[in-house]
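Student: The structure file structure01.cif (mmCIF, C-alpha atoms and all ligand atoms) is provided below.
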```cif
data_entry
loop_
_atom_site.label_atom_id
_atom_site.label_comp_id
_atom_site.auth_asym_id
_atom_site.auth_seq_id
_atom_site.Cartn_x
_atom_site.Cartn_y
_atom_site.Cartn_z
CA MET A 154 -62.79 43.95 28.90
CA PRO A 155 -64.25 45.60 31.99
CA MET A 156 -64.84 49.34 31.78
CA SER A 157 -63.07 49.93 35.04
CA TYR A 158 -59.76 48.79 33.56
CA HIS A 159 -60.25 50.22 30.08
CA LEU A 160 -61.24 53.69 31.11
CA SER A 161 -58.92 54.09 34.04
CA ALA A 162 -57.03 57.38 34.24
CA PRO A 163 -53.27 57.20 33.54
CA SER A 164 -52.50 57.47 37.23
CA ALA A 165 -54.64 54.38 37.84
CA VAL A 166 -52.73 52.31 35.29
CA SER A 167 -51.70 49.08 37.02
CA ASN A 168 -48.09 48.02 37.33
CA LEU A 169 -48.11 44.37 36.19
CA LEU A 170 -45.22 43.65 38.56
CA ALA A 171 -47.37 44.66 41.52
CA PHE A 172 -49.75 41.71 40.93
CA SER A 173 -49.35 38.49 42.86
CA SER A 174 -49.84 35.41 40.66
CA ARG A 175 -53.40 35.11 41.93
CA ALA A 176 -54.14 38.77 41.25
CA MET A 177 -52.75 38.28 37.74
CA GLU A 178 -55.15 35.38 37.18
CA GLU A 179 -58.06 37.57 38.23
CA PHE A 180 -56.78 40.38 36.05
CA VAL A 181 -56.69 38.24 32.88
CA ARG A 182 -60.06 36.71 33.78
CA SER A 183 -61.53 40.21 33.85
CA PHE A 184 -60.66 40.46 30.15
CA GLY A 185 -62.33 37.11 29.48
CA TRP A 186 -58.92 35.57 28.68
CA PRO A 187 -57.99 31.98 29.57
CA PRO A 188 -55.98 31.42 32.80
CA TYR A 189 -52.78 30.44 30.94
CA ARG A 190 -52.49 34.06 29.75
CA ALA A 191 -51.57 34.93 33.35
CA ARG A 192 -48.68 32.47 33.28
CA GLN A 193 -47.52 33.82 29.94
CA ILE A 194 -47.45 37.37 31.28
CA LEU A 195 -45.70 36.31 34.50
CA ARG A 196 -43.04 34.48 32.49
CA TRP A 197 -42.34 37.60 30.51
CA LEU A 198 -41.96 39.55 33.73
CA TYR A 199 -39.83 37.16 35.79
CA GLN A 200 -38.06 34.92 33.26
CA ASN A 201 -37.50 37.34 30.36
CA ARG A 202 -37.45 40.45 32.54
CA ILE A 203 -39.05 42.59 29.85
CA ARG A 204 -39.92 46.20 30.54
CA ASP A 205 -42.48 46.73 27.81
CA ILE A 206 -45.83 45.02 27.16
CA GLN A 207 -45.22 45.14 23.39
CA SER A 208 -42.42 42.60 23.88
CA MET A 209 -44.96 39.94 24.95
CA THR A 210 -44.88 38.31 21.54
CA ASP A 211 -47.05 35.33 22.43
CA LEU A 212 -49.97 37.68 23.04
CA SER A 213 -51.80 38.93 19.97
CA LYS A 214 -51.32 42.55 18.93
CA GLN A 215 -54.87 43.28 20.01
CA GLU A 216 -54.31 41.70 23.42
CA ARG A 217 -51.14 43.73 23.90
CA THR A 218 -53.05 46.89 23.00
CA ILE A 219 -55.80 46.05 25.48
CA LEU A 220 -53.24 45.29 28.18
CA SER A 221 -51.27 48.47 27.49
CA SER A 222 -54.40 50.60 27.81
CA CYS A 223 -54.71 49.77 31.49
CA ALA A 224 -51.36 48.43 32.63
CA ASP A 225 -47.65 48.94 32.28
CA ILE A 226 -44.40 47.55 33.72
CA ARG A 227 -42.70 49.84 36.22
CA ARG A 228 -39.32 48.59 37.37
CA ILE A 229 -37.19 50.12 40.09
CA GLU A 230 -34.48 52.46 38.86
CA ARG A 231 -30.80 51.68 39.32
CA VAL A 232 -29.25 54.90 40.58
CA SER A 233 -25.66 53.82 41.15
CA VAL A 234 -23.35 50.86 41.65
CA LEU A 235 -20.41 51.19 44.04
CA VAL A 236 -17.69 48.63 43.38
CA SER A 237 -15.55 47.48 46.31
CA ASP A 238 -11.87 46.55 46.02
CA ASP A 239 -12.88 42.93 46.66
CA GLY A 240 -15.39 42.87 43.78
CA THR A 241 -18.50 43.33 45.93
CA LYS A 242 -21.00 45.72 44.37
CA LYS A 243 -23.46 47.88 46.28
CA PHE A 244 -26.52 48.83 44.24
CA LEU A 245 -28.57 51.88 45.06
CA PHE A 246 -32.14 51.79 43.72
CA ARG A 247 -34.88 54.39 43.53
CA LEU A 248 -38.48 53.26 44.06
CA GLN A 249 -41.66 54.72 42.55
CA ASP A 250 -42.15 56.97 45.57
CA ASP A 251 -38.55 58.22 45.23
CA ARG A 252 -37.35 56.33 48.27
CA LEU A 253 -33.94 54.71 47.99
CA LEU A 254 -32.77 51.26 48.94
CA GLU A 255 -29.65 49.16 48.72
CA SER A 256 -28.74 45.61 47.71
CA VAL A 257 -25.32 44.00 47.67
CA LEU A 258 -23.86 41.58 45.12
CA ILE A 259 -21.12 39.40 46.59
CA PRO A 260 -18.86 37.21 44.42
CA ASP A 261 -17.14 34.48 46.39
CA GLU A 262 -15.49 31.23 45.33
CA GLY A 263 -17.69 30.41 42.37
CA ARG A 264 -20.80 31.76 44.05
CA LEU A 265 -22.55 34.99 43.26
CA THR A 266 -24.83 35.98 46.10
CA LEU A 267 -27.29 38.85 46.16
CA CYS A 268 -28.18 40.31 49.54
CA VAL A 269 -31.66 41.85 49.23
CA SER A 270 -33.49 44.32 51.44
CA THR A 271 -37.01 43.84 52.77
CA GLN A 272 -37.70 47.18 54.45
CA ILE A 273 -36.54 50.77 54.07
CA GLY A 274 -34.86 51.20 57.40
CA CYS A 275 -35.77 48.51 59.91
CA THR A 276 -38.45 47.65 62.44
CA LEU A 277 -35.73 46.80 64.93
CA ASP A 278 -33.11 48.91 66.64
CA CYS A 279 -30.08 46.66 67.05
CA GLY A 280 -27.30 48.90 68.36
CA PHE A 281 -24.54 47.46 66.17
CA CYS A 282 -26.45 47.88 62.88
CA LEU A 283 -26.44 51.06 60.82
CA THR A 284 -29.82 50.28 59.24
CA GLY A 285 -31.26 49.97 62.74
CA THR A 286 -30.35 53.57 63.45
CA MET A 287 -32.66 54.74 60.62
CA GLY A 288 -35.87 53.51 62.17
CA LEU A 289 -38.52 52.03 59.89
CA HIS A 290 -39.50 54.19 56.93
CA ARG A 291 -41.70 51.63 55.23
CA ASN A 292 -42.05 47.99 54.28
CA LEU A 293 -41.06 47.02 50.77
CA LYS A 294 -43.74 45.53 48.55
CA ALA A 295 -43.24 42.04 47.11
CA HIS A 296 -42.39 43.35 43.67
CA GLU A 297 -39.86 45.81 45.07
CA ILE A 298 -38.08 42.90 46.72
CA VAL A 299 -38.17 40.79 43.54
CA ASP A 300 -37.15 43.74 41.38
CA GLN A 301 -33.82 44.03 43.20
CA VAL A 302 -33.07 40.55 41.87
CA LEU A 303 -34.37 41.23 38.35
CA THR A 304 -32.46 44.49 37.99
CA VAL A 305 -29.21 43.00 39.24
CA GLN A 306 -29.69 40.07 36.84
CA ASP A 307 -30.03 42.61 34.01
CA HIS A 308 -26.72 44.11 35.11
CA LEU A 309 -24.79 40.81 35.04
CA GLY A 310 -22.46 39.85 32.21
CA THR A 311 -23.43 36.95 29.93
CA HIS A 312 -21.26 34.47 31.85
CA GLU A 313 -22.45 35.53 35.29
CA THR A 314 -25.38 33.87 37.06
CA LEU A 315 -26.82 34.65 40.45
CA THR A 316 -26.39 31.49 42.51
CA ASN A 317 -27.69 32.50 45.96
CA LEU A 318 -30.13 34.96 47.46
CA VAL A 319 -29.93 36.08 51.07
CA PHE A 320 -32.58 38.20 52.74
CA MET A 321 -30.04 39.95 54.92
CA GLY A 322 -30.07 43.48 53.60
CA MET A 323 -31.96 46.39 55.10
CA GLY A 324 -34.87 45.37 57.30
CA GLU A 325 -36.34 42.51 59.31
CA PRO A 326 -37.88 40.04 56.83
CA LEU A 327 -40.29 38.45 59.31
CA ALA A 328 -41.74 41.88 60.16
CA ASN A 329 -42.79 42.14 56.49
CA PHE A 330 -43.85 38.55 56.15
CA GLU A 331 -46.62 38.73 53.51
CA ALA A 332 -44.45 40.63 51.05
CA VAL A 333 -41.43 38.40 51.69
CA SER A 334 -43.55 35.27 51.22
CA ASP A 335 -45.05 36.57 47.96
CA ALA A 336 -41.59 37.63 46.73
CA ILE A 337 -40.16 34.18 47.47
CA SER A 338 -42.96 32.48 45.56
CA ARG A 339 -42.24 34.68 42.53
CA LEU A 340 -38.52 33.99 42.82
CA THR A 341 -38.84 30.21 43.20
CA ASN A 342 -41.74 29.27 40.94
CA ARG A 343 -40.29 27.21 38.10
CA THR A 344 -43.27 27.41 35.75
CA TRP A 345 -43.64 31.15 35.57
CA GLY A 346 -41.29 32.64 38.18
CA ALA A 347 -37.58 33.35 38.30
CA GLY A 348 -36.91 29.66 39.09
CA PHE A 349 -34.41 29.96 41.96
CA SER A 350 -33.93 26.85 44.05
CA SER A 351 -35.33 27.36 47.55
CA ARG A 352 -32.18 25.63 48.84
CA ARG A 353 -30.19 28.59 47.63
CA ILE A 354 -32.29 31.18 49.40
CA THR A 355 -31.74 32.18 53.03
CA VAL A 356 -33.94 34.42 55.12
CA SER A 357 -32.21 35.97 58.11
CA THR A 358 -34.19 37.08 61.14
CA ALA A 359 -33.36 38.74 64.42
CA GLY A 360 -35.67 36.07 65.81
CA LEU A 361 -39.35 36.79 66.25
CA ALA A 362 -40.22 33.46 67.85
CA SER A 363 -43.95 33.58 67.13
CA ARG A 364 -43.21 33.98 63.44
CA LEU A 365 -40.67 31.20 63.06
CA LYS A 366 -43.44 28.72 62.23
CA ASP A 367 -44.59 31.04 59.45
CA ALA A 368 -40.99 31.22 58.31
CA ALA A 369 -40.97 27.43 57.94
CA SER A 370 -43.76 27.74 55.39
CA LEU A 371 -41.42 29.73 53.12
CA GLY A 372 -39.48 26.52 52.43
CA VAL A 373 -36.13 28.32 52.33
CA ASN A 374 -33.13 28.26 54.69
CA LEU A 375 -33.45 30.15 57.92
CA ALA A 376 -30.69 32.09 59.68
CA ILE A 377 -31.21 33.42 63.19
CA SER A 378 -29.18 36.35 64.43
CA LEU A 379 -28.40 35.36 68.00
CA ASN A 380 -25.59 37.81 68.73
CA ALA A 381 -25.72 37.35 72.51
CA THR A 382 -25.74 34.53 75.03
CA THR A 383 -27.63 36.09 77.93
CA ASP A 384 -30.84 38.10 78.03
CA GLU A 385 -29.01 40.92 79.72
CA GLN A 386 -26.54 41.14 76.84
CA ARG A 387 -29.21 40.74 74.20
CA ASN A 388 -31.44 43.38 75.78
CA ARG A 389 -28.57 45.79 75.46
CA LEU A 390 -27.60 44.87 71.89
CA MET A 391 -31.00 44.09 70.36
CA PRO A 392 -33.54 45.78 72.67
CA THR A 393 -36.67 45.53 70.53
CA ALA A 394 -35.98 42.03 69.22
CA ASN A 395 -35.33 40.71 72.71
CA ARG A 396 -38.36 42.49 74.16
CA ILE A 397 -40.55 40.74 71.59
CA CYS A 398 -38.96 37.41 72.35
CA SER A 399 -36.44 36.49 75.04
CA LEU A 400 -33.41 34.35 74.30
CA ARG A 401 -35.02 31.38 76.05
CA GLU A 402 -38.21 31.65 73.97
CA LEU A 403 -36.17 32.06 70.81
CA ILE A 404 -34.04 28.99 71.44
CA ALA A 405 -37.18 27.01 72.35
CA ALA A 406 -38.77 28.09 69.05
CA CYS A 407 -35.61 27.03 67.21
CA ARG A 408 -35.76 23.60 68.88
CA ASP A 409 -39.39 23.28 67.73
CA TYR A 410 -38.65 24.49 64.23
CA PRO A 411 -39.82 21.91 61.67
CA LEU A 412 -36.51 21.46 59.88
CA PRO A 413 -36.80 19.47 56.67
CA VAL A 414 -34.42 16.51 56.29
CA ARG A 415 -30.92 17.44 55.22
CA ARG A 416 -31.42 21.05 56.21
CA ARG A 417 -30.11 22.87 59.24
CA LEU A 418 -30.55 26.20 60.90
CA THR A 419 -27.86 28.84 60.74
CA PHE A 420 -27.08 30.87 63.84
CA GLU A 421 -25.41 34.18 63.20
CA TYR A 422 -23.32 35.85 65.83
CA VAL A 423 -21.85 39.33 65.40
CA LEU A 424 -18.55 39.47 67.25
CA LEU A 425 -18.11 42.73 69.16
CA ALA A 426 -14.75 43.32 70.87
CA GLY A 427 -15.01 43.16 74.65
CA VAL A 428 -18.80 42.84 74.53
CA ASN A 429 -19.73 39.30 73.46
CA ASP A 430 -16.46 37.73 72.28
CA SER A 431 -15.05 36.06 75.41
CA ARG A 432 -14.39 32.34 75.91
CA GLU A 433 -17.32 32.31 78.36
CA ASP A 434 -19.57 33.72 75.65
CA ALA A 435 -18.38 31.01 73.26
CA LYS A 436 -19.07 28.30 75.86
CA ARG A 437 -22.53 29.70 76.60
CA LEU A 438 -23.27 29.89 72.87
CA ALA A 439 -22.27 26.25 72.40
CA ALA A 440 -24.52 25.26 75.32
CA LEU A 441 -27.47 27.27 73.99
CA VAL A 442 -27.54 25.62 70.56
CA ARG A 443 -26.53 22.13 71.71
CA GLY A 444 -28.71 19.50 70.09
CA ILE A 445 -30.06 21.77 67.36
CA ARG A 446 -29.11 20.73 63.80
CA CYS A 447 -27.22 23.88 62.91
CA LYS A 448 -24.11 25.67 61.86
CA VAL A 449 -22.78 28.90 63.31
CA ASN A 450 -21.65 31.89 61.26
CA LEU A 451 -19.47 34.33 63.14
CA ILE A 452 -19.62 37.85 61.71
CA PRO A 453 -16.81 40.08 62.95
CA PHE A 454 -18.33 43.50 63.54
CA ASN A 455 -18.29 45.79 60.49
CA GLU A 456 -17.60 49.27 61.71
CA PHE A 457 -19.45 52.34 60.50
CA PRO A 458 -18.96 56.02 61.33
CA GLY A 459 -20.31 56.81 64.76
CA SER A 460 -20.58 53.20 65.95
CA GLU A 461 -19.61 52.56 69.56
CA PHE A 462 -18.47 48.98 68.92
CA ARG A 463 -15.16 47.59 67.67
CA ARG A 464 -14.16 44.56 65.68
CA PRO A 465 -12.27 41.91 67.70
CA SER A 466 -8.68 41.02 66.79
CA GLU A 467 -8.06 38.08 64.43
CA GLU A 468 -6.71 36.16 67.41
CA ALA A 469 -9.85 36.72 69.49
CA ILE A 470 -12.00 35.63 66.55
CA LEU A 471 -10.01 32.41 66.09
CA ILE A 472 -10.12 31.60 69.81
CA PHE A 473 -13.90 32.10 69.84
CA GLN A 474 -14.22 29.85 66.81
CA SER A 475 -12.00 27.15 68.30
CA VAL A 476 -14.07 26.96 71.51
CA LEU A 477 -17.18 26.34 69.40
CA LYS A 478 -15.38 23.79 67.25
CA ARG A 479 -14.21 21.91 70.31
CA ALA A 480 -17.84 21.75 71.40
CA GLY A 481 -18.54 19.89 68.15
CA LEU A 482 -20.15 22.74 66.22
CA GLU A 483 -19.62 23.51 62.59
CA VAL A 484 -18.59 27.14 62.62
CA PHE A 485 -17.50 29.59 59.95
CA VAL A 486 -16.09 33.09 60.15
CA ARG A 487 -17.90 35.20 57.60
CA LYS A 488 -15.62 37.20 55.32
CA SER A 489 -16.58 40.82 55.58
CA LYS A 490 -16.86 41.78 51.95
CA GLY A 491 -17.61 45.24 50.63
CA ARG A 492 -16.65 47.13 53.79
CA ASP A 493 -14.95 49.92 51.83
CA VAL A 494 -18.27 50.80 50.16
CA LEU A 495 -20.32 50.30 53.36
CA GLY A 496 -21.81 47.22 51.75
CA ALA A 497 -21.09 44.63 54.43
CA CYS A 498 -23.57 43.24 57.00
CA GLY A 499 -25.06 46.01 59.08
CA GLN A 500 -23.62 48.82 56.98
CA LEU A 501 -26.55 49.43 54.66
CA GLY A 502 -28.59 52.58 54.67
CA ARG A 503 -26.04 55.36 54.87
CA SER A 504 -25.95 56.27 51.15
CA ALA A 505 -29.70 55.93 50.81
CA ALA A 506 -30.30 58.04 53.88
CA ALA A 507 -27.70 60.64 52.92
CA LEU A 508 -29.11 61.10 49.43
CA GLN A 509 -32.59 61.43 50.84
CA GLY A 510 -31.57 63.84 53.55
CA LEU A 511 -32.93 61.47 56.19
CA ALA A 512 -31.72 61.95 59.71
CA LEU A 513 -29.97 58.86 61.00
CA THR A 514 -31.58 59.17 64.37
CA PRO A 515 -33.53 56.32 65.90
CA VAL A 516 -37.30 56.48 65.69
CA GLN A 517 -39.60 54.40 67.88
CA PRO A 518 -39.69 51.02 66.17
CA ARG A 519 -43.00 49.33 65.52
CA CYS A 520 -43.52 45.58 65.36
N1 LIG R 601 -32.93 41.79 60.43
C1 LIG R 601 -32.32 40.59 59.93
C2 LIG R 601 -31.57 40.75 58.62
C3 LIG R 601 -30.68 41.95 58.46
S1 LIG R 601 -29.16 41.99 59.38
C4 LIG R 601 -31.44 39.96 61.00
O1 LIG R 601 -31.29 40.54 62.06
O2 LIG R 601 -30.98 38.85 60.80
C5 LIG R 601 -28.20 40.69 58.69
C6 LIG R 601 -27.08 40.20 59.61
O3 LIG R 601 -26.10 41.23 59.79
C7 LIG R 601 -27.57 39.83 61.00
O4 LIG R 601 -27.00 38.61 61.39
C8 LIG R 601 -27.03 40.95 61.88
O5 LIG R 601 -26.83 40.53 63.20
C9 LIG R 601 -25.73 41.28 61.16
N2 LIG R 601 -25.22 42.62 61.41
C10 LIG R 601 -25.91 43.75 61.61
N3 LIG R 601 -25.09 44.78 61.79
C11 LIG R 601 -23.83 44.30 61.69
C12 LIG R 601 -22.52 44.90 61.76
N4 LIG R 601 -22.35 46.21 61.93
N5 LIG R 601 -21.45 44.09 61.60
C13 LIG R 601 -21.60 42.78 61.38
N6 LIG R 601 -22.80 42.17 61.28
C14 LIG R 601 -23.90 42.91 61.44
#
```
Can the structure from this file be put into structure tokens for me?
Tutor:
Amino acid sequence: MPMSYHLSAPSAVSNLLAFSSRAMEEFVRSFGWPPYRARQILRWLYQNRIRDIQSMTDLSKQERTILSSCADIRRIERVSVLVSDDGTKKFLFRLQDDRLLESVLIPDEGRLTLCVSTQIGCTLDCGFCLTGTMGLHRNLKAHEIVDQVLTVQDHLGTHETLTNLVFMGMGEPLANFEAVSDAISRLTNRTWGAGFSSRRITVSTAGLASRLKDAASLGVNLAISLNATTDEQRNRLMPTANRICSLRELIAACRDYPLPVRRRLTFEYVLLAGVNDSREDAKRLAALVRGIRCKVNLIPFNEFPGSEFRRPSEEAILIFQSVLKRAGLEVFVRKSKGRDVLGACGQLGRSAAALQGLALTPVQPRC
């Protein structure tokens, strides 16, 4: 065993969860152990979700002692779970540096979907999103993303199984690409990882065109938050996102996106009363996405204290949907679950920010 690991001070003890699979291989090699030890350890972490090195019963006692002398397993801490009237649960987690983040568990028609966060706050400043008003506090690390899944799995009853993962919580996933990519590989690897099917994972982006090709390499479903049908509208609603990439560039990147067979893109569109919910908007939206293999998810605006926008009436929502349907699009209206606990799309961040005494004032976003 190398001295550097053995003699490290307690503060330098490594968190095994912080290692990528490659880093884990190097770590076990440094002890002179065979490479399969790395897979064994990873399986304990992601498949058995253990919290203690002594539980790694396929390692010898001596190996466990060696490992414990220089490493431990530090999971995020579940601070609270708010349960909505509709069964949605909002989890509040505390990270090692005491920062707080939120994830949302959504039961719906036989599915159990976890909405995970990728940043504390967000790189972007979309005007209709509460998280956007926080500014970016920091990127999450890969293991902090994965740990939201592990800790929620620990919370589930014996007959409950997570069926879907959506990267639609706090943050812009493509602005934290390396960590998101590493997290997805840990979540999908069937040999040593959590074994989720990549078909049941969706990454949602406000649309950073230059990074869509990278996104394709993740092998999961991609959702693009369009939310507007003209640059003028989008500049107003999503100023930073649209400055990075205009609507035209974004749609061009979507047309070039290397979609695998039998997959399609999802376009998300937040419906804001009197802002982007007219028949003309619906017609422009249909024209924009024409020819792209896709479906459209309409998300009626979820209100939060202080927001300037309003949710359209049911009638306006149905008219908007019918215009898209008539244009031949497959279009769904997303149920807004968990609104009473501020757990619906665009409502995350308030409890975390309040508990941390963070001001909910915009800071200059960085990309
Ligand atoms: N940054 C990523 C993922 C987080 S937002 C993205 O933009 O896609 C996830 C989804 O929630 C996006 O489609 C976004 O447009 C939508 N959203 C944000 N705030 C909302 C709100 N207040 N009401 C309804 N949907 C909202």
Student: Need the shell around Val449 of chain A: protein/DNA/RNA residues with any atom at most 8 Å away, counting all atoms listed in the file. Skip same-chain ones fewer than 4 positions apart. Format as a PyMOL selection string?
Tutor: chain A and resi 419-422+482-485
Student: Kindly assemble as a Markdown table a list of the chain A residues that lie within 7 Å of ligand LIG 601 (chain R), each paired with its nearest atom pair and their distance in Å to one decimal, using all atoms listed in the file, sorted first by chain and then by ascending residue number.
Tutor:
```
| residue | atom | partner | partner_atom | distance |
| --- | --- | --- | --- | --- |
| A:Phe281 | CA | R:LIG601 | N4 | 4.9 |
| A:Cys282 | CA | R:LIG601 | N3 | 3.6 |
| A:Leu283 | CA | R:LIG601 | N4 | 6.4 |
| A:Phe320 | CA | R:LIG601 | C2 | 6.5 |
| A:Met321 | CA | R:LIG601 | C2 | 4.1 |
| A:Gly322 | CA | R:LIG601 | C3 | 5.1 |
| A:Met323 | CA | R:LIG601 | C3 | 5.7 |
| A:Gly324 | CA | R:LIG601 | N1 | 5.1 |
| A:Glu325 | CA | R:LIG601 | N1 | 3.7 |
| A:Pro326 | CA | R:LIG601 | N1 | 6.4 |
| A:Ser357 | CA | R:LIG601 | O2 | 4.1 |
| A:Thr358 | CA | R:LIG601 | O2 | 3.7 |
| A:Ala359 | CA | R:LIG601 | O1 | 3.6 |
| A:Ala376 | CA | R:LIG601 | O2 | 6.9 |
| A:Ile377 | CA | R:LIG601 | O2 | 5.9 |
| A:Ser378 | CA | R:LIG601 | O4 | 4.4 |
| A:Asn380 | CA | R:LIG601 | O5 | 6.3 |
| A:Glu421 | CA | R:LIG601 | O4 | 5.0 |
| A:Tyr422 | CA | R:LIG601 | O4 | 6.4 |
| A:Val423 | CA | R:LIG601 | N6 | 5.1 |
| A:Ile452 | CA | R:LIG601 | C13 | 5.3 |
| A:Pro453 | CA | R:LIG601 | C13 | 5.7 |
| A:Phe454 | CA | R:LIG601 | N5 | 3.7 |
| A:Asn455 | CA | R:LIG601 | N5 | 3.8 |
| A:Glu456 | CA | R:LIG601 | N4 | 5.7 |
| A:Phe457 | CA | R:LIG601 | N4 | 6.9 |
| A:Cys498 | CA | R:LIG601 | O3 | 4.3 |
| A:Gly499 | CA | R:LIG601 | N3 | 3.0 |
| A:Gln500 | CA | R:LIG601 | N4 | 5.7 |
```
Student: Identify, on the basis of only C-alpha atoms, every residue whose closest approach to Glu255 of chain A does not exceed 8 Å; exclude the query and any residue fewer than 5 positions from it along the same chain; express the result as a list in words.
Tutor: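 Using only C-alpha atoms, the neighbours found are Lys243, Phe244, Leu245, Phe246, Val269, Ser270, Gly322, Met323, Leu501, Gly502 and Ala505 of chain A.
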Student: Taking C-alpha atoms for each residue, export the selection above as an mmCIF file, in the coordinates of the input.
Tutor:
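Final output, result.cif:
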```cif
data_model
loop_
_atom_site.group_PDB
_atom_site.id
_atom_site.type_symbol
_atom_site.label_atom_id
_atom_site.label_comp_id
_atom_site.auth_asym_id
_atom_site.auth_seq_id
_atom_site.Cartn_x
_atom_site.Cartn_y
_atom_site.Cartn_z
ATOM 1 C CA LYS A 243 -23.460 47.880 46.280
ATOM 2 C CA PHE A 244 -26.520 48.830 44.240
ATOM 3 C CA LEU A 245 -28.570 51.880 45.060
ATOM 4 C CA PHE A 246 -32.140 51.790 43.720
ATOM 5 C CA VAL A 269 -31.660 41.850 49.230
ATOM 6 C CA SER A 270 -33.490 44.320 51.440
ATOM 7 C CA GLY A 322 -30.070 43.480 53.600
ATOM 8 C CA MET A 323 -31.960 46.390 55.100
ATOM 9 C CA LEU A 501 -26.550 49.430 54.660
ATOM 10 C CA GLY A 502 -28.590 52.580 54.670
ATOM 11 C CA ALA A 505 -29.700 55.930 50.810
#
```
Student: For a test of reading the model, state the distance in Å between atom CA of Arg217 of chain A and atom CA of Asp205 of chain A, rounded to one decimal.
Tutor: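 Distance between the two atoms: 10.0 Å.
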Student: Residues at most 10 Å from Thr341 of chain A, counting only C-alpha atoms, excluding those fewer than 4 positions away in the same chain, as a PyMOL selection string?
Tutor: chain A and resi 336-337+345-354+372-373
